[in-house]
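Participant: Contents of run-v2.txt (compact mmCIF, C-alpha atoms and all ligand atoms) are given next:
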# COMPACT_ATOMS: atom_id res chain seq x y z
CA MET A 1 29.96 52.89 51.74
CA ILE A 2 28.10 51.30 54.64
CA ILE A 3 27.55 47.55 54.54
CA TYR A 4 25.41 45.40 56.84
CA GLU A 5 26.52 41.94 57.90
CA HIS A 6 26.70 39.48 60.79
CA MET A 7 29.01 40.38 63.68
CA GLN A 8 32.25 38.38 63.76
CA MET A 9 34.37 37.41 66.79
CA ASN A 10 36.97 40.02 65.84
CA ASP A 11 34.27 42.76 66.01
CA CYS A 12 33.67 42.21 69.74
CA GLU A 13 36.36 44.60 71.04
CA ARG A 14 35.12 47.44 68.84
CA ALA A 15 31.45 46.76 69.71
CA ALA A 16 32.35 46.88 73.42
CA GLU A 17 34.30 50.11 72.87
CA LEU A 18 31.23 51.73 71.28
CA GLU A 19 29.02 50.37 74.10
CA SER A 20 31.36 51.88 76.68
CA VAL A 21 31.34 55.32 75.05
CA ILE A 22 27.55 55.31 74.65
CA PHE A 23 26.23 53.38 77.67
CA GLY A 24 29.05 53.94 80.21
CA ARG A 25 28.74 51.71 83.29
CA ASP A 26 25.96 49.61 81.75
CA ALA A 27 28.03 48.72 78.69
CA TRP A 28 28.52 45.16 77.50
CA SER A 29 32.11 43.90 77.55
CA ALA A 30 33.87 42.23 74.61
CA GLU A 31 33.41 38.95 76.50
CA ASP A 32 29.64 39.52 76.70
CA PHE A 33 29.55 39.88 72.90
CA ARG A 34 31.80 36.84 72.37
CA GLU A 35 29.53 34.67 74.55
CA SER A 36 26.45 35.90 72.64
CA LEU A 37 28.02 35.10 69.27
CA CYS A 38 28.34 31.48 70.43
CA CYS A 39 24.56 31.16 71.00
CA ASP A 40 22.75 29.48 68.11
CA TYR A 41 19.52 31.20 69.24
CA ALA A 42 20.97 34.69 68.79
CA VAL A 43 21.95 36.92 65.86
CA TYR A 44 24.17 39.99 66.08
CA VAL A 45 24.58 42.35 63.14
CA VAL A 46 26.80 45.31 62.41
CA ALA A 47 27.12 48.23 60.03
CA ARG A 48 30.62 48.72 58.69
CA ASP A 49 32.14 51.72 56.88
CA THR A 50 34.06 50.09 54.02
CA ASP A 51 36.19 53.22 53.52
CA THR A 52 37.74 52.79 56.98
CA ASP A 53 36.78 49.12 57.65
CA LYS A 54 35.33 50.47 60.91
CA LEU A 55 32.35 48.96 62.74
CA VAL A 56 29.97 51.92 63.19
CA ALA A 57 26.77 50.32 64.52
CA CYS A 58 25.48 47.10 66.01
CA ALA A 59 22.36 45.35 67.27
CA GLY A 60 21.39 41.87 68.33
CA VAL A 61 18.39 39.65 68.93
CA ARG A 62 17.94 36.56 71.13
CA ASN A 63 15.20 34.10 70.24
CA MET A 64 13.19 32.91 73.26
CA CYS A 65 10.60 30.43 71.89
CA GLY A 66 9.64 32.71 68.99
CA ASP A 67 9.92 35.99 70.90
CA GLY A 68 13.03 37.96 69.99
CA ASP A 69 14.60 40.27 72.56
CA ILE A 70 16.48 43.03 70.73
CA THR A 71 19.43 44.61 72.56
CA ASN A 72 22.63 46.58 71.96
CA VAL A 73 21.12 48.99 69.41
CA LEU A 74 23.69 51.71 68.88
CA VAL A 75 25.28 53.87 66.20
CA ASP A 76 28.62 55.68 66.49
CA VAL A 77 27.97 59.38 67.17
CA GLY A 78 29.54 60.57 63.91
CA TYR A 79 27.33 58.28 61.82
CA ARG A 80 23.92 59.13 63.25
CA GLU A 81 20.89 60.46 61.36
CA HIS A 82 21.93 58.83 58.09
CA GLY A 83 19.45 55.96 58.24
CA ILE A 84 21.97 53.42 59.54
CA ALA A 85 19.96 52.25 62.59
CA GLU A 86 16.82 51.92 60.50
CA HIS A 87 18.60 49.85 57.85
CA LEU A 88 20.41 47.74 60.47
CA LEU A 89 17.21 46.94 62.40
CA ARG A 90 15.35 45.99 59.22
CA TYR A 91 18.24 43.63 58.45
CA LEU A 92 18.26 42.31 62.05
CA ILE A 93 14.52 41.60 61.89
CA GLU A 94 14.94 39.62 58.66
CA GLU A 95 17.83 37.65 60.14
CA GLY A 96 15.82 37.12 63.35
CA LYS A 97 12.93 35.68 61.37
CA ALA A 98 15.42 33.27 59.77
CA ILE A 99 16.16 31.78 63.23
CA GLY A 100 12.46 31.52 64.11
CA VAL A 101 11.58 34.84 65.73
CA ASN A 102 7.93 35.80 65.15
CA ASN A 103 7.55 38.67 67.62
CA PHE A 104 10.20 41.25 68.46
CA THR A 105 10.48 43.20 71.70
CA LEU A 106 12.82 45.82 73.12
CA GLU A 107 12.94 48.55 75.74
CA ALA A 108 13.83 52.21 75.57
CA ARG A 109 14.34 54.88 78.20
CA LYS A 110 11.27 57.11 78.44
CA SER A 111 13.46 60.11 77.59
CA ASN A 112 15.19 58.52 74.56
CA ALA A 113 13.29 60.37 71.85
CA PRO A 114 15.51 59.25 68.91
CA ALA A 115 15.16 55.55 69.84
CA ILE A 116 11.40 55.80 70.46
CA SER A 117 10.89 57.52 67.12
CA LEU A 118 13.07 54.90 65.39
CA TYR A 119 11.15 51.97 66.88
CA GLU A 120 7.74 53.49 66.11
CA LYS A 121 8.87 54.12 62.53
CA LEU A 122 9.68 50.41 62.26
CA GLY A 123 6.22 49.41 63.51
CA PHE A 124 6.97 48.76 67.18
CA VAL A 125 4.08 49.56 69.49
CA SER A 126 4.35 50.54 73.15
CA GLU A 127 2.65 47.91 75.31
CA GLY A 128 3.67 49.02 78.78
CA ILE A 129 6.08 50.62 81.19
CA ARG A 130 8.68 48.90 83.36
CA PRO A 131 9.03 51.34 86.28
CA GLY A 132 12.60 52.16 87.30
CA PHE A 133 14.03 49.58 84.89
CA TYR A 134 17.16 51.58 84.07
CA ASP A 135 19.95 52.70 86.41
CA ASN A 136 22.52 55.48 86.00
CA PRO A 137 20.23 57.45 86.01
CA LYS A 138 17.15 55.62 87.29
CA GLU A 139 14.41 55.81 84.68
CA ASP A 140 11.31 53.95 83.48
CA ALA A 141 11.51 51.79 80.36
CA ILE A 142 8.90 51.75 77.63
CA ILE A 143 8.34 48.18 76.45
CA PHE A 144 7.83 47.88 72.69
CA TRP A 145 6.60 44.92 70.65
CA LYS A 146 6.42 44.27 66.94
CA ARG A 147 4.20 41.24 66.57
CA GLY A 148 3.70 38.71 63.80
CA ASP A 149 3.77 39.80 60.22
CA LYS A 150 3.24 43.51 60.79
CA ASP A 151 5.75 44.69 58.19
CA VAL A 152 6.51 48.40 57.88
C1 LIG A 201 18.80 55.76 68.50
C2 LIG A 201 19.91 55.58 67.45
C3 LIG A 201 20.29 54.11 67.41
C4 LIG A 201 19.39 56.06 66.09
O1 LIG A 201 20.41 55.79 65.12
P1 LIG A 201 20.47 56.59 63.73
O2 LIG A 201 21.30 55.79 62.78
O3 LIG A 201 20.87 57.98 63.97
O4 LIG A 201 18.94 56.54 63.25
P2 LIG A 201 18.44 56.68 61.73
O5 LIG A 201 19.25 57.71 61.03
O6 LIG A 201 18.39 55.32 61.13
O7 LIG A 201 16.99 57.25 61.92
C5 LIG A 201 15.83 56.45 61.71
C6 LIG A 201 14.67 57.10 62.45
O8 LIG A 201 14.98 57.19 63.85
C7 LIG A 201 14.45 58.43 64.39
N1 LIG A 201 15.54 59.29 64.82
C8 LIG A 201 16.87 59.09 64.65
N2 LIG A 201 17.56 60.09 65.23
C9 LIG A 201 16.66 60.95 65.74
C10 LIG A 201 16.76 62.16 66.49
N3 LIG A 201 17.94 62.71 66.79
N4 LIG A 201 15.61 62.77 66.90
C11 LIG A 201 14.42 62.22 66.62
N5 LIG A 201 14.24 61.06 65.91
C12 LIG A 201 15.36 60.45 65.50
C13 LIG A 201 13.65 59.04 63.26
O9 LIG A 201 12.34 58.51 63.31
C14 LIG A 201 14.38 58.53 62.05
O10 LIG A 201 13.57 58.53 60.90
P3 LIG A 201 13.60 59.82 59.90
O11 LIG A 201 15.01 59.95 59.43
O12 LIG A 201 12.63 59.46 58.83
O13 LIG A 201 13.18 61.00 60.75
C15 LIG A 201 21.16 56.46 67.80
O14 LIG A 201 20.73 57.77 68.10
C16 LIG A 201 21.98 55.93 68.97
O15 LIG A 201 22.88 55.12 68.79
N6 LIG A 201 21.69 56.42 70.16
C17 LIG A 201 22.47 56.01 71.38
C18 LIG A 201 22.21 54.57 71.74
C19 LIG A 201 20.75 54.33 72.00
O16 LIG A 201 20.04 55.14 72.60
N7 LIG A 201 20.28 53.15 71.57
C20 LIG A 201 18.90 52.72 71.78
C21 LIG A 201 18.77 52.09 73.09
S1 LIG A 201 17.06 51.65 73.41
Mind turning this structure into structure tokens?
Facilitator:
Amino acid sequence: MIIYEHMQMNDCERAAELESVIFGRDAWSAEDFRESLCCDYAVYVVARDTDTDKLVACAGVRNMCGDGDITNVLVDVGYREHGIAEHLLRYLIEEGKAIGVNNFTLEARKSNAPAISLYEKLGFVSEGIRPGFYDNPKEDAIIFWKRGDKDV
């Protein structure tokens, strides 16, 4: 069974391991996650497989005066296309609202069709392009926003 809950300090190593496999050189370290968990204006959530007690997905949001910047959205390769990211982001958005986030934003690589489709399904709307935002390889970012009470 997959459960969804807040990230704990002892999840940071595993979250960083997943980041490293998925994002390579741009991955967050365990220390990056630990520092973020100490911020009272941020929420990090995980999906856990209770059969193995393994963290299989994570995501986080930082509240900047009511605007929530979502980062670190990832699902372990073997657990994809089972609705885990969708469920986790819906949970993250609810938890973000609880710390005062009204509007949510995130970026995706222009070529990242699964992520773009996921965000659009959740009601995020493309509001612009950040040219050359990503490195390794260099690529434009699409900037998405989900504003106010637009529930999907
Ligand atoms: C993007 C990612 C998080 C999706 O996770 P997931 O758990 O497989 O997604 P879900 O199963 O919850 O899918 C929800 C929706 O996302 C979209 N989606 C997911 N995988 C997709 C794929 N391979 N192709 C197209 N759309 C896809 C669909 O709209 C899907 O809805 P549907 O099932 O009704 O078609 C996952 O592929 C991932 O970790 N990718 C690598 C890291 C990454 O790119 N993160 C985003 C950085 S911006």
Participant: When you count all atoms listed in the file, which of these residues is closest to Gly78 of chain A: A:Tyr41, A:Gly148, A:Leu18, A:Arg130?
Facilitator: A:Leu18
Participant: May I have the residues within 6 Å of ligand LIG 201 (chain A), computed using all atoms listed in the file, as a list in words?
Facilitator: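 Written in the requested form, the residues are Val73, Leu74, Val75, Arg80, Glu81, His82, Gly83, Ile84, Ala85, Glu86, Glu107, Ala108, Ala113, Pro114, Ala115, Ser117, Leu118 and Lys121 of chain A.
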Participant: Take the residues just selected and output them with C-alpha atoms as a compact mmCIF listing (two decimals), in the coordinates of the input.
Facilitator:
# COMPACT_ATOMS: atom_id res chain seq x y z
CA VAL A 73 21.12 48.99 69.41
CA LEU A 74 23.69 51.71 68.88
CA VAL A 75 25.28 53.87 66.20
CA ARG A 80 23.92 59.13 63.25
CA GLU A 81 20.89 60.46 61.36
CA HIS A 82 21.93 58.83 58.09
CA GLY A 83 19.45 55.96 58.24
CA ILE A 84 21.97 53.42 59.54
CA ALA A 85 19.96 52.25 62.59
CA GLU A 86 16.82 51.92 60.50
CA GLU A 107 12.94 48.55 75.74
CA ALA A 108 13.83 52.21 75.57
CA ALA A 113 13.29 60.37 71.85
CA PRO A 114 15.51 59.25 68.91
CA ALA A 115 15.16 55.55 69.84
CA SER A 117 10.89 57.52 67.12
CA LEU A 118 13.07 54.90 65.39
CA LYS A 121 8.87 54.12 62.53
Participant: As a PyMOL selection string, please: the residues near segment 104-106 of chain A (cut-off 7 Å, all atoms listed in the file, same-chain neighbours under 4 positions excluded).
Facilitator: chain A and resi 67-71+143-147
Participant: Keeping only C-alpha atoms, take the residues you just selected and write them out as a compact mmCIF listing (two decimals), in the coordinates of the input.
Facilitator:
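This went into result_18.txt:
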# COMPACT_ATOMS: atom_id res chain seq x y z
CA ASP A 67 9.92 35.99 70.90
CA GLY A 68 13.03 37.96 69.99
CA ASP A 69 14.60 40.27 72.56
CA ILE A 70 16.48 43.03 70.73
CA THR A 71 19.43 44.61 72.56
CA ILE A 143 8.34 48.18 76.45
CA PHE A 144 7.83 47.88 72.69
CA TRP A 145 6.60 44.92 70.65
CA LYS A 146 6.42 44.27 66.94
CA ARG A 147 4.20 41.24 66.57
Participant: With only C-alpha atoms as the basis for distance, which of A:Ser20, A:Asn63, A:Asn72, A:Asn103 is at the shortest distance from Ala42 of chain A?
Facilitator: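 Of all the options, A:Asn63 lies closest to Ala42 of chain A.
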Participant: Quick one: of A:Phe124, A:Tyr119, A:Phe33, A:Tyr79, who's nearest to Lys54 of chain A, counting all atoms listed in the file?
Facilitator: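 Under the stated criterion, the closest residue is A:Tyr79.
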Participant: Go ahead and compute the interatomic distance for atom CA of Tyr91 of chain A and atom CA of Asp49 of chain A, in Å to one decimal.
Facilitator: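 Going from atom CA of Tyr91 of chain A over to atom CA of Asp49 of chain A, I get 16.2 Å.
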Participant: Would you mind writing segment 61-90 of chain A with N, CA and C atoms, as a short mmCIF file (atom, residue, chain, number, x, y, z; two decimals), in the frame of the given file?
Facilitator:
data_model
loop_
_atom_site.label_atom_id
_atom_site.label_comp_id
_atom_site.auth_asym_id
_atom_site.auth_seq_id
_atom_site.Cartn_x
_atom_site.Cartn_y
_atom_site.Cartn_z
N VAL A 61 19.68 40.19 68.49
CA VAL A 61 18.39 39.65 68.93
C VAL A 61 18.61 38.23 69.45
N ARG A 62 17.91 37.91 70.56
CA ARG A 62 17.94 36.56 71.13
C ARG A 62 16.55 35.97 71.00
N ASN A 63 16.49 34.78 70.46
CA ASN A 63 15.20 34.10 70.24
C ASN A 63 14.83 33.28 71.47
N MET A 64 13.71 33.67 72.11
CA MET A 64 13.19 32.91 73.26
C MET A 64 11.84 32.32 72.84
N CYS A 65 11.84 31.12 72.29
CA CYS A 65 10.60 30.43 71.89
C CYS A 65 9.75 31.27 70.94
N GLY A 66 10.38 31.94 69.98
CA GLY A 66 9.64 32.71 68.99
C GLY A 66 9.54 34.19 69.30
N ASP A 67 9.89 34.57 70.54
CA ASP A 67 9.92 35.99 70.90
C ASP A 67 11.37 36.46 70.89
N GLY A 68 11.66 37.49 70.14
CA GLY A 68 13.03 37.96 69.99
C GLY A 68 13.28 39.22 70.79
N ASP A 69 14.24 39.13 71.72
CA ASP A 69 14.60 40.27 72.56
C ASP A 69 15.75 41.02 71.90
N ILE A 70 15.46 42.22 71.43
CA ILE A 70 16.48 43.03 70.73
C ILE A 70 17.25 43.87 71.75
N THR A 71 18.58 43.82 71.65
CA THR A 71 19.43 44.61 72.56
C THR A 71 20.59 45.23 71.77
N ASN A 72 21.37 46.04 72.49
CA ASN A 72 22.63 46.58 71.96
C ASN A 72 22.45 47.38 70.68
N VAL A 73 21.35 48.14 70.60
CA VAL A 73 21.12 48.99 69.41
C VAL A 73 21.93 50.27 69.60
N LEU A 74 22.91 50.47 68.77
CA LEU A 74 23.69 51.71 68.88
C LEU A 74 24.40 52.04 67.57
N VAL A 75 24.58 53.35 67.39
CA VAL A 75 25.28 53.87 66.20
C VAL A 75 26.34 54.86 66.70
N ASP A 76 27.53 54.75 66.17
CA ASP A 76 28.62 55.68 66.49
C ASP A 76 28.14 57.12 66.27
N VAL A 77 28.50 58.01 67.19
CA VAL A 77 27.97 59.38 67.17
C VAL A 77 28.12 60.04 65.79
N GLY A 78 29.28 59.89 65.18
CA GLY A 78 29.54 60.57 63.91
C GLY A 78 28.77 60.02 62.73
N TYR A 79 28.05 58.93 62.93
CA TYR A 79 27.33 58.28 61.82
C TYR A 79 25.82 58.35 61.99
N ARG A 80 25.36 59.10 62.98
CA ARG A 80 23.92 59.13 63.25
C ARG A 80 23.15 59.99 62.25
N GLU A 81 21.84 59.72 62.20
CA GLU A 81 20.89 60.46 61.36
C GLU A 81 21.23 60.34 59.87
N HIS A 82 21.72 59.16 59.50
CA HIS A 82 21.93 58.83 58.09
C HIS A 82 21.19 57.55 57.71
N GLY A 83 20.25 57.14 58.56
CA GLY A 83 19.45 55.96 58.24
C GLY A 83 20.11 54.63 58.58
N ILE A 84 21.24 54.67 59.28
CA ILE A 84 21.97 53.42 59.54
C ILE A 84 21.21 52.52 60.52
N ALA A 85 20.68 53.08 61.61
CA ALA A 85 19.96 52.25 62.59
C ALA A 85 18.71 51.64 61.94
N GLU A 86 18.03 52.43 61.15
CA GLU A 86 16.82 51.92 60.50
C GLU A 86 17.16 50.73 59.59
N HIS A 87 18.18 50.91 58.78
CA HIS A 87 18.60 49.85 57.85
C HIS A 87 19.07 48.62 58.62
N LEU A 88 19.86 48.85 59.68
CA LEU A 88 20.41 47.74 60.47
C LEU A 88 19.30 46.95 61.16
N LEU A 89 18.30 47.65 61.71
CA LEU A 89 17.21 46.94 62.40
C LEU A 89 16.33 46.18 61.41
N ARG A 90 16.11 46.75 60.23
CA ARG A 90 15.35 45.99 59.22
C ARG A 90 16.10 44.70 58.87
#
